[in-house]
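Chemist: This is the content of input.csv (CSV, C-alpha atoms):
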chain,number,residue,atom,x,y,z
E,1,MET,CA,103.3,106.7,102.6
E,2,PHE,CA,105.7,106.1,105.5
E,3,SER,CA,108.7,108.4,105.8
E,4,ILE,CA,111.7,107.0,107.7
E,5,ILE,CA,113.5,109.7,109.6
E,6,ARG,CA,116.2,108.0,111.6
E,7,GLY,CA,116.9,104.5,113.0
E,8,GLY,CA,119.4,102.0,114.3
E,9,CYS,CA,119.9,98.3,114.9
E,10,PHE,CA,121.3,96.6,118.0
E,11,ALA,CA,121.7,99.9,119.8
E,12,ARG,CA,123.4,99.1,123.1
E,13,HIS,CA,123.5,101.2,126.2
E,14,PRO,CA,125.2,100.4,129.5
E,15,LEU,CA,123.8,100.1,132.9
E,16,GLY,CA,122.6,103.5,134.1
E,17,PHE,CA,121.5,104.7,130.7
E,18,VAL,CA,118.0,106.4,130.6
E,19,MET,CA,116.3,107.7,127.4
E,20,ASP,CA,114.0,110.4,128.7
E,21,ARG,CA,111.6,112.4,126.4
E,22,PRO,CA,109.4,114.3,128.9
E,23,ASN,CA,107.5,116.0,126.0
E,24,GLY,CA,107.8,113.1,123.5
E,25,ILE,CA,108.9,113.9,119.9
E,26,SER,CA,107.0,115.1,116.9
E,27,CYS,CA,107.0,111.7,115.0
E,28,TYR,CA,106.2,108.1,115.7
E,29,VAL,CA,108.7,105.9,117.5
E,30,LEU,CA,109.1,102.1,116.9
E,31,LEU,CA,111.2,100.1,119.4
E,32,ILE,CA,112.1,96.4,119.1
E,33,ILE,CA,113.3,95.8,122.7
E,34,LYS,CA,115.9,93.0,123.1
E,35,SER,CA,116.7,93.3,126.8
E,36,CYS,CA,114.7,93.7,129.9
E,37,ALA,CA,113.4,97.2,130.2
E,38,GLU,CA,111.5,99.5,132.5
E,39,LEU,CA,109.2,101.9,130.5
E,40,GLU,CA,107.2,104.9,131.3
E,41,ILE,CA,104.7,105.9,128.6
E,42,GLY,CA,102.4,108.8,129.1
E,43,GLY,CA,102.9,108.6,132.8
E,44,GLU,CA,102.2,104.9,133.1
E,45,ARG,CA,105.0,102.6,134.2
E,46,LYS,CA,105.5,99.2,132.5
E,47,ILE,CA,107.9,96.3,132.8
E,48,CYS,CA,109.1,94.9,129.5
E,49,LYS,CA,110.5,91.5,128.6
E,50,PRO,CA,113.1,90.8,125.9
E,51,ASP,CA,111.7,90.4,122.4
E,52,SER,CA,109.0,93.1,122.8
E,53,ALA,CA,107.7,95.9,120.6
E,54,LEU,CA,106.6,99.4,121.5
E,55,LEU,CA,105.0,101.9,119.1
E,56,ILE,CA,104.8,105.4,120.6
E,57,LYS,CA,102.5,108.1,119.2
E,58,PRO,CA,103.9,111.6,118.4
E,59,ASN,CA,104.2,114.0,121.4
E,60,THR,CA,103.7,111.2,124.0
E,61,PRO,CA,106.1,111.6,127.0
E,62,TYR,CA,108.2,108.5,127.4
E,63,SER,CA,111.3,107.1,129.0
E,64,TYR,CA,113.0,103.7,129.0
E,65,LYS,CA,116.0,102.0,130.6
E,66,ASN,CA,117.2,98.6,131.9
E,67,PRO,CA,117.8,99.2,135.7
E,68,ASN,CA,119.6,95.8,135.9
E,69,GLY,CA,122.0,95.8,133.0
E,70,GLU,CA,122.6,96.7,129.4
E,71,TYR,CA,119.7,98.0,127.4
E,72,VAL,CA,119.5,96.9,123.7
E,73,ASN,CA,117.0,97.7,121.0
E,74,ASP,CA,116.3,98.4,117.3
E,75,TRP,CA,114.6,101.7,116.7
E,76,ILE,CA,113.0,103.8,114.0
E,77,HIS,CA,111.5,107.3,114.0
E,78,PHE,CA,108.9,107.6,111.3
E,79,SER,CA,106.1,109.8,110.1
E,80,CYS,CA,103.0,109.1,108.0
E,81,THR,CA,99.6,110.4,107.1
E,82,PRO,CA,96.6,109.5,109.3
E,83,GLU,CA,95.3,107.3,106.5
E,84,ASP,CA,98.4,105.1,106.6
E,85,ILE,CA,97.9,104.3,110.3
E,86,LEU,CA,94.1,103.9,110.3
E,87,LYS,CA,94.1,100.2,109.7
E,88,TYR,CA,96.1,99.5,112.8
E,89,ASP,CA,94.5,99.1,116.2
E,90,GLY,CA,94.8,102.3,118.3
E,91,GLU,CA,95.4,100.1,121.3
E,92,MET,CA,98.6,98.8,119.7
E,93,PHE,CA,100.3,102.2,120.4
E,94,ASN,CA,101.8,103.4,123.6
E,95,THR,CA,101.9,99.8,125.0
E,96,ASN,CA,104.5,97.1,124.9
E,97,PHE,CA,103.7,93.6,123.6
E,98,LEU,CA,105.7,90.4,122.9
E,99,ILE,CA,106.6,89.5,119.3
E,100,ASN,CA,107.0,86.1,117.8
E,101,ASN,CA,110.3,86.5,115.9
E,102,ALA,CA,112.5,89.5,116.8
E,103,ARG,CA,115.2,88.3,114.4
E,104,ILE,CA,113.0,88.6,111.4
E,105,LEU,CA,111.8,92.0,112.4
E,106,THR,CA,115.4,93.1,112.9
E,107,ALA,CA,116.2,91.9,109.3
E,108,TYR,CA,113.4,94.1,108.0
E,109,ILE,CA,114.6,97.1,109.9
E,110,GLN,CA,118.2,96.6,108.7
E,111,GLN,CA,117.0,96.5,105.1
E,112,ILE,CA,114.6,99.4,105.6
E,113,LEU,CA,117.5,101.5,106.9
E,114,TRP,CA,119.8,100.4,104.1
E,115,GLU,CA,117.2,101.4,101.5
E,116,ASN,CA,116.5,104.6,103.2
E,117,ASN,CA,120.1,105.7,103.8
E,118,PHE,CA,122.4,104.0,101.4
E,119,SER,CA,120.6,102.5,98.4
E,120,GLU,CA,121.4,104.1,95.0
E,121,SER,CA,118.1,102.7,93.5
E,122,LYS,CA,115.7,105.3,92.2
E,123,SER,CA,113.0,103.2,93.9
E,124,ARG,CA,114.6,103.4,97.4
E,125,GLU,CA,111.7,105.3,98.9
E,126,TYR,CA,109.2,102.8,97.5
E,127,TYR,CA,111.2,99.9,98.8
E,128,ALA,CA,111.6,101.4,102.3
E,129,ASP,CA,107.9,102.2,102.4
E,130,SER,CA,106.8,98.7,101.3
E,131,LEU,CA,109.1,97.0,103.8
E,132,PHE,CA,108.0,99.2,106.6
E,133,GLY,CA,104.3,98.4,105.8
E,134,ILE,CA,105.1,94.7,106.0
E,135,LEU,CA,107.0,95.3,109.3
E,136,LEU,CA,103.9,97.0,110.8
E,137,ASP,CA,101.6,94.2,109.5
E,138,HIS,CA,103.8,91.7,111.4
E,139,LEU,CA,103.7,93.7,114.5
E,140,HIS,CA,99.9,94.2,114.2
E,141,GLU,CA,99.4,90.4,113.9
E,142,ASP,CA,101.5,89.8,117.0
E,143,PHE,CA,99.6,92.4,118.9
E,144,LYS,CA,96.2,91.0,117.8
E,145,THR,CA,97.1,87.4,118.8
E,146,LYS,CA,98.4,88.7,122.2
E,147,LYS,CA,100.7,85.7,122.6
E,148,ILE,CA,102.1,86.8,125.9
E,149,GLU,CA,102.1,83.2,127.1
E,150,GLU,CA,103.9,82.0,124.0
E,151,TYR,CA,107.2,83.7,124.9
E,152,SER,CA,110.0,81.2,124.9
E,153,PRO,CA,113.7,81.4,124.4
E,154,TYR,CA,113.3,78.2,122.2
E,155,LYS,CA,110.9,79.7,119.7
E,156,TYR,CA,113.5,80.8,117.2
E,157,LYS,CA,115.4,77.5,117.4
E,158,LEU,CA,112.2,75.6,116.8
E,159,GLN,CA,111.3,77.7,113.8
E,160,LYS,CA,114.8,77.1,112.4
E,161,LEU,CA,114.4,73.4,112.9
E,162,ARG,CA,111.1,73.3,111.2
E,163,LEU,CA,112.5,75.0,108.1
E,164,GLU,CA,115.3,72.5,108.1
E,165,LEU,CA,112.8,69.6,108.3
E,166,GLN,CA,110.9,71.1,105.3
E,167,SER,CA,114.1,71.6,103.3
E,168,ALA,CA,115.3,68.0,103.9
E,169,PRO,CA,112.4,65.8,105.0
E,170,TYR,CA,114.2,62.7,103.8
E,171,LYS,CA,116.8,62.9,106.6
E,172,LYS,CA,116.4,60.9,109.8
E,173,TYR,CA,115.2,63.2,112.6
E,174,THR,CA,114.4,62.1,116.1
E,175,ALA,CA,112.9,64.1,119.0
E,176,LYS,CA,115.7,63.0,121.2
E,177,GLU,CA,118.5,64.3,119.0
E,178,ALA,CA,116.7,67.6,118.4
E,179,ALA,CA,116.1,68.0,122.1
E,180,GLU,CA,119.7,67.3,122.9
E,181,LYS,CA,120.8,70.1,120.5
E,182,MET,CA,118.6,72.5,122.5
E,183,MET,CA,119.7,71.0,125.8
E,184,ILE,CA,116.2,70.2,126.9
E,185,SER,CA,114.4,66.9,127.5
E,186,ALA,CA,112.7,65.0,124.7
E,187,SER,CA,109.4,65.3,126.4
E,188,TYR,CA,109.7,69.1,126.9
E,189,PHE,CA,110.9,69.5,123.3
E,190,GLN,CA,107.8,67.6,121.9
E,191,SER,CA,105.5,69.6,124.2
E,192,LEU,CA,107.0,72.9,122.9
E,193,TYR,CA,106.9,71.8,119.3
E,194,LYS,CA,103.2,70.9,119.5
E,195,ARG,CA,102.4,74.1,121.5
E,196,PHE,CA,104.0,76.4,118.9
E,197,PHE,CA,103.0,74.6,115.7
E,198,LYS,CA,99.8,72.8,116.6
E,199,ILE,CA,101.1,69.5,115.4
E,200,SER,CA,103.3,66.8,116.9
E,201,PHE,CA,107.0,66.6,115.8
E,202,ARG,CA,106.4,63.1,114.3
E,203,ALA,CA,103.2,64.0,112.5
E,204,ASP,CA,104.9,67.1,111.0
E,205,ILE,CA,107.8,65.0,109.6
E,206,ILE,CA,105.3,62.5,108.1
E,207,ASN,CA,103.4,65.3,106.4
E,208,MET,CA,106.5,66.9,105.1
E,209,ARG,CA,107.8,63.6,103.7
E,210,LEU,CA,104.5,62.9,102.0
E,211,GLU,CA,104.4,66.4,100.5
E,212,TYR,CA,107.9,65.8,99.1
E,213,ALA,CA,106.8,62.4,97.8
E,214,LYS,CA,103.8,64.0,96.0
E,215,GLU,CA,106.1,66.5,94.4
E,216,LEU,CA,108.5,63.8,93.1
E,217,ILE,CA,105.6,61.6,91.9
E,218,SER,CA,104.0,64.3,90.0
E,219,THR,CA,107.1,65.9,88.5
E,220,THR,CA,109.6,63.1,87.9
E,221,ALA,CA,109.6,59.6,86.3
E,222,MET,CA,111.4,58.1,89.3
E,223,PRO,CA,110.3,54.6,90.2
E,224,LEU,CA,108.0,54.7,93.3
E,225,GLU,CA,110.4,52.5,95.2
E,226,HIS,CA,113.2,55.1,94.7
E,227,ILE,CA,110.8,57.9,95.7
E,228,ALA,CA,110.1,56.0,99.0
E,229,CYS,CA,113.8,55.8,99.7
E,230,SER,CA,114.4,59.5,98.7
E,231,CYS,CA,111.7,60.6,101.1
E,232,GLY,CA,113.3,58.8,104.1
E,233,TYR,CA,111.3,55.6,104.1
E,234,THR,CA,113.3,52.3,104.6
E,235,SER,CA,110.2,50.2,103.8
E,236,LYS,CA,108.3,50.5,100.6
E,237,VAL,CA,105.3,48.9,102.2
E,238,HIS,CA,105.3,51.4,105.1
E,239,PHE,CA,105.5,54.3,102.5
E,240,TYR,CA,102.5,52.9,100.5
E,241,ARG,CA,100.4,52.5,103.7
E,242,GLN,CA,101.2,55.9,105.0
E,243,PHE,CA,100.6,57.6,101.6
E,244,LEU,CA,97.2,55.8,101.2
E,245,SER,CA,96.2,56.7,104.8
E,246,LYS,CA,97.1,60.4,104.5
E,247,VAL,CA,96.5,61.2,100.8
E,248,GLY,CA,93.5,58.8,100.3
E,249,MET,CA,95.0,57.0,97.3
E,250,THR,CA,98.1,54.9,96.5
E,251,PRO,CA,101.2,56.5,95.1
E,252,GLY,CA,100.5,54.8,91.7
E,253,GLU,CA,97.0,56.2,91.6
E,254,TYR,CA,98.4,59.7,92.5
E,255,ARG,CA,100.8,59.4,89.6
E,256,ASP,CA,98.1,58.4,87.2
E,257,MET,CA,96.5,61.8,87.8
E,258,TYR,CA,99.5,63.5,86.2
E,259,LEU,CA,100.0,61.2,83.2
Render the structure in this file as structure tokens.

Modeler:
Amino acid sequence: MFSIIRGGCFARHPLGFVMDRPNGISCYVLLIIKSCAELEIGGERKICKPDSALLIKPNTPYSYKNPNGEYVNDWIHFSCTPEDILKYDGEMFNTNFLINNARILTAYIQQILWENNFSESKSREYYADSLFGILLDHLHEDFKTKKIEEYSPYKYKLQKLRLELQSAPYKKYTAKEAAEKMMISASYFQSLYKRFFKISFRADIINMRLEYAKELISTTAMPLEHIACSCGYTSKVHFYRQFLSKVGMTPGEYRDMYL
């Protein structure tokens, strides 16, 4: 079981701040680093980009600062049994690595600290322990994939857009409009989208519309023409052709499966 000792979110320190622990501390340290930083871990100097994570083993000398401006991080001090930490790569500790979605991890940390410090639930320790285990699993996945090259200031915006697409696939979306909102070119937007999600922007929208169509066909009595319109298709013929091409049967044949 993980025991949360102390922690904080969006801790901000001005230029000139240095956290220096020449003898380390007796527990584990988790940092989600949101600014540039200069680290020294066990005598080894490292340069850290924003949206990075660092897990420090107990009694490891360390220091960190941002020599060029404000230093910002989320942090947790925690302890656990050796068994709790065994499933995570030993190489994940005492080194910094980029993470895919710092905002999600911050949300986890906020809820962990709330459960640990302020919740009146009798299950608060269980909730904090469970959430912290999920948080470490996310970090472990990021470390294993080693997506150093995937760092981009547009990653969060693209993830948010993709969720919007999935929530309302019937709306009209164009790469040009999406790119303009991010203040980048349409070609760069489409390149980023495919790089991060392994599918083109247009193909993703088509898949989402057809998944929505399959849901409506199988769970409602709506006429197929209305379903086509509800999924963002202006042409029934185009809807039928695309459905047949992607699903392998016509919308009518698909509905027959659920009668």

Chemist: Using Å and a single decimal, report how far CA of Leu98 in chain E sits from CA of Ser52 in chain E.

Modeler: 4.3 Å

Chemist: Using all atoms listed in the file, which of E:Lys214, E:Arg209, E:Arg195, E:His140 sits nearest Lys172 in chain E?

Modeler: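 Closest to Lys172 in chain E, using all atoms listed in the file: E:Arg209.
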
Chemist: Mind checking which residues fall within 10 Å of Lys87 in chain E, counting all atoms listed in the file, ignoring those fewer than 3 positions away in the same chain, and posting them as an NGL selection string?

Modeler: :E and (82-84 or 90 or 137 or 140)

Chemist: Can you tell me, as a list in words, what residues are no more than 12 Å from Arg255 in chain E when counting only C-alpha atoms, ignoring any on the same chain fewer than 2 positions away?

Modeler: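 Counting only the stated atoms, we get Ala213, Lys214, Glu215, Leu216, Ile217, Ser218, Thr219, Thr220, Ala221, Met222, Pro223, Leu224, Ile227, Met249, Thr250, Pro251, Gly252, Glu253, Met257, Tyr258 and Leu259 of chain E.
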
Chemist: Quick one: residues within 8 Å of range 12-15 of chain E, all atoms listed in the file counted, chain neighbours fewer than 5 positions away excluded, as a list of chain:residue names?

Modeler: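 Listing them by chain and then by number gives E:Asn66, E:Pro67, E:Asn68, E:Gly69, E:Glu70, E:Tyr71, E:Val72, E:Asn73.
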
Chemist: Select, from E:Lys57, E:Arg21, E:Lys144, E:His77, the residue with the minimum atom-to-atom distance to Ile99 in chain E, counting all atoms listed in the file.

Modeler: E:Lys144

Chemist: Give the answer as one residue: which of E:Cys80, E:Ser123, E:Tyr28, E:Gly42 has the shortest atom-to-atom distance to Ile56 in chain E, using only C-alpha atoms?

Modeler: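 For Ile56 in chain E, the nearest of the given residues is E:Tyr28.
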
Chemist: What lies within 12 Å of range 180-194 of chain E using all atoms listed in the file, ignoring chain neighbours under 2 positions off, as a tab-separated table (two decimals) with C-alpha atoms, in the frame of the given file?

Modeler:
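Output below, filename selection09.tsv:
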chain	number	residue	atom	x	y	z
E	150	GLU	CA	103.90	82.00	124.00
E	151	TYR	CA	107.20	83.70	124.90
E	152	SER	CA	110.00	81.20	124.90
E	153	PRO	CA	113.70	81.40	124.40
E	154	TYR	CA	113.30	78.20	122.20
E	155	LYS	CA	110.90	79.70	119.70
E	156	TYR	CA	113.50	80.80	117.20
E	157	LYS	CA	115.40	77.50	117.40
E	158	LEU	CA	112.20	75.60	116.80
E	159	GLN	CA	111.30	77.70	113.80
E	160	LYS	CA	114.80	77.10	112.40
E	161	LEU	CA	114.40	73.40	112.90
E	162	ARG	CA	111.10	73.30	111.20
E	173	TYR	CA	115.20	63.20	112.60
E	174	THR	CA	114.40	62.10	116.10
E	175	ALA	CA	112.90	64.10	119.00
E	176	LYS	CA	115.70	63.00	121.20
E	177	GLU	CA	118.50	64.30	119.00
E	178	ALA	CA	116.70	67.60	118.40
E	196	PHE	CA	104.00	76.40	118.90
E	197	PHE	CA	103.00	74.60	115.70
E	198	LYS	CA	99.80	72.80	116.60
E	199	ILE	CA	101.10	69.50	115.40
E	200	SER	CA	103.30	66.80	116.90
E	201	PHE	CA	107.00	66.60	115.80
E	202	ARG	CA	106.40	63.10	114.30
E	203	ALA	CA	103.20	64.00	112.50
E	204	ASP	CA	104.90	67.10	111.00
E	205	ILE	CA	107.80	65.00	109.60

Chemist: Which one of E:Gly16, E:Gly8, E:Gly232, E:Pro61 sits closest to Leu39 in chain E if you count only C-alpha atoms?

Modeler: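 Among E:Gly16, E:Gly8, E:Gly232, E:Pro61, it is E:Pro61 that comes nearest to Leu39 in chain E.
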
Chemist: Contacts of Tyr108 in chain E at 8 Å or less, counting all atoms listed in the file, minus same-chain residues fewer than 4 places along, as a list in words?

Modeler: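 Within the cut-off, the hits are Ile104, Ile112, Leu131, Phe132 and Leu135 of chain E.
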
Chemist: Between CA of Pro50 in chain E and CA of Asn23 in chain E, what is the distance in Å, rounded to a tenth?

Modeler: 25.8 Å

Chemist: Point out the residue among E:Arg6, E:Lys65, E:His238, E:His138 with the least atom-to-atom distance to Lys34 in chain E, counting all atoms listed in the file.

Modeler: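 Between E:Arg6, E:Lys65, E:His238, E:His138, the residue approaching Lys34 in chain E most closely is E:Lys65.
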
Chemist: Hey, can you check how far CA of Tyr240 in chain E sits from CA of Lys171 in chain E?

Modeler: 18.5 Å

Chemist: Step by step, gather every atom of range 160-179 of chain E that the file lists, find the box along x, y and z that holds them, add 3 Å on each side, and finally give centre and edge lengths in Å to one decimal, as lines of an AutoDock Vina configuration file.

Modeler:
center_x = 114.7
center_y = 69.0
center_z = 112.7
size_x = 13.6
size_y = 22.2
size_z = 24.8

Chemist: With all atoms listed in the file as the atoms that count, which of E:Leu163, E:Met19, E:Ala179, E:Leu54 lies nearest to Leu136 in chain E?

Modeler: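 Among the listed residues, the smallest separation from Leu136 in chain E belongs to E:Leu54.
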
Chemist: Since the input is missing atoms for range 53-73 of chain E, could you rebuild it with N, CA and C atoms and give the result as a JSON list (two decimals), in the frame of the given file?

Modeler:
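Okay, result20.json is ready:
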[["chain", "number", "residue", "atom", "x", "y", "z"],
["E", 53, "ALA", "N", 107.84, 94.69, 121.48],
["E", 53, "ALA", "CA", 107.70, 95.90, 120.60],
["E", 53, "ALA", "C", 107.00, 96.97, 121.31],
["E", 54, "LEU", "N", 107.30, 98.19, 120.91],
["E", 54, "LEU", "CA", 106.60, 99.40, 121.50],
["E", 54, "LEU", "C", 106.49, 100.39, 120.35],
["E", 55, "LEU", "N", 105.28, 100.83, 120.08],
["E", 55, "LEU", "CA", 105.00, 101.90, 119.10],
["E", 55, "LEU", "C", 104.47, 103.10, 119.90],
["E", 56, "ILE", "N", 105.15, 104.22, 119.78],
["E", 56, "ILE", "CA", 104.80, 105.40, 120.60],
["E", 56, "ILE", "C", 104.26, 106.48, 119.64],
["E", 57, "LYS", "N", 103.12, 107.04, 120.01],
["E", 57, "LYS", "CA", 102.50, 108.10, 119.20],
["E", 57, "LYS", "C", 103.30, 109.40, 119.35],
["E", 58, "PRO", "N", 103.17, 110.28, 118.35],
["E", 58, "PRO", "CA", 103.90, 111.60, 118.40],
["E", 58, "PRO", "C", 103.43, 112.36, 119.68],
["E", 59, "ASN", "N", 104.40, 113.08, 120.23],
["E", 59, "ASN", "CA", 104.20, 114.00, 121.40],
["E", 59, "ASN", "C", 103.72, 113.28, 122.64],
["E", 60, "THR", "N", 104.03, 111.99, 122.75],
["E", 60, "THR", "CA", 103.70, 111.20, 124.00],
["E", 60, "THR", "C", 104.97, 111.21, 124.86],
["E", 61, "PRO", "N", 104.90, 111.69, 126.10],
["E", 61, "PRO", "CA", 106.10, 111.60, 127.00],
["E", 61, "PRO", "C", 106.46, 110.15, 127.22],
["E", 62, "TYR", "N", 107.75, 109.88, 127.16],
["E", 62, "TYR", "CA", 108.20, 108.50, 127.40],
["E", 62, "TYR", "C", 109.63, 108.48, 127.90],
["E", 63, "SER", "N", 109.95, 107.37, 128.56],
["E", 63, "SER", "CA", 111.30, 107.10, 129.00],
["E", 63, "SER", "C", 111.50, 105.60, 129.04],
["E", 64, "TYR", "N", 112.75, 105.15, 128.89],
["E", 64, "TYR", "CA", 113.00, 103.70, 129.00],
["E", 64, "TYR", "C", 114.46, 103.50, 129.45],
["E", 65, "LYS", "N", 114.67, 102.36, 130.13],
["E", 65, "LYS", "CA", 116.00, 102.00, 130.60],
["E", 65, "LYS", "C", 115.95, 100.53, 131.04],
["E", 66, "ASN", "N", 117.11, 99.95, 131.29],
["E", 66, "ASN", "CA", 117.20, 98.60, 131.90],
["E", 66, "ASN", "C", 117.93, 98.85, 133.26],
["E", 67, "PRO", "N", 117.20, 98.88, 134.37],
["E", 67, "PRO", "CA", 117.80, 99.20, 135.70],
["E", 67, "PRO", "C", 118.78, 98.09, 136.14],
["E", 68, "ASN", "N", 118.77, 96.93, 135.47],
["E", 68, "ASN", "CA", 119.60, 95.80, 135.90],
["E", 68, "ASN", "C", 120.70, 95.41, 134.99],
["E", 69, "GLY", "N", 120.93, 96.19, 133.95],
["E", 69, "GLY", "CA", 122.00, 95.80, 133.00],
["E", 69, "GLY", "C", 121.94, 96.61, 131.73],
["E", 70, "GLU", "N", 122.58, 96.06, 130.71],
["E", 70, "GLU", "CA", 122.60, 96.70, 129.40],
["E", 70, "GLU", "C", 121.25, 96.78, 128.76],
["E", 71, "TYR", "N", 120.96, 97.89, 128.11],
["E", 71, "TYR", "CA", 119.70, 98.00, 127.40],
["E", 71, "TYR", "C", 120.02, 97.93, 125.89],
["E", 72, "VAL", "N", 119.23, 97.12, 125.17],
["E", 72, "VAL", "CA", 119.50, 96.90, 123.70],
["E", 72, "VAL", "C", 118.16, 96.97, 122.98],
["E", 73, "ASN", "N", 118.18, 97.69, 121.86],
["E", 73, "ASN", "CA", 117.00, 97.70, 121.00],
["E", 73, "ASN", "C", 117.32, 98.06, 119.57]]
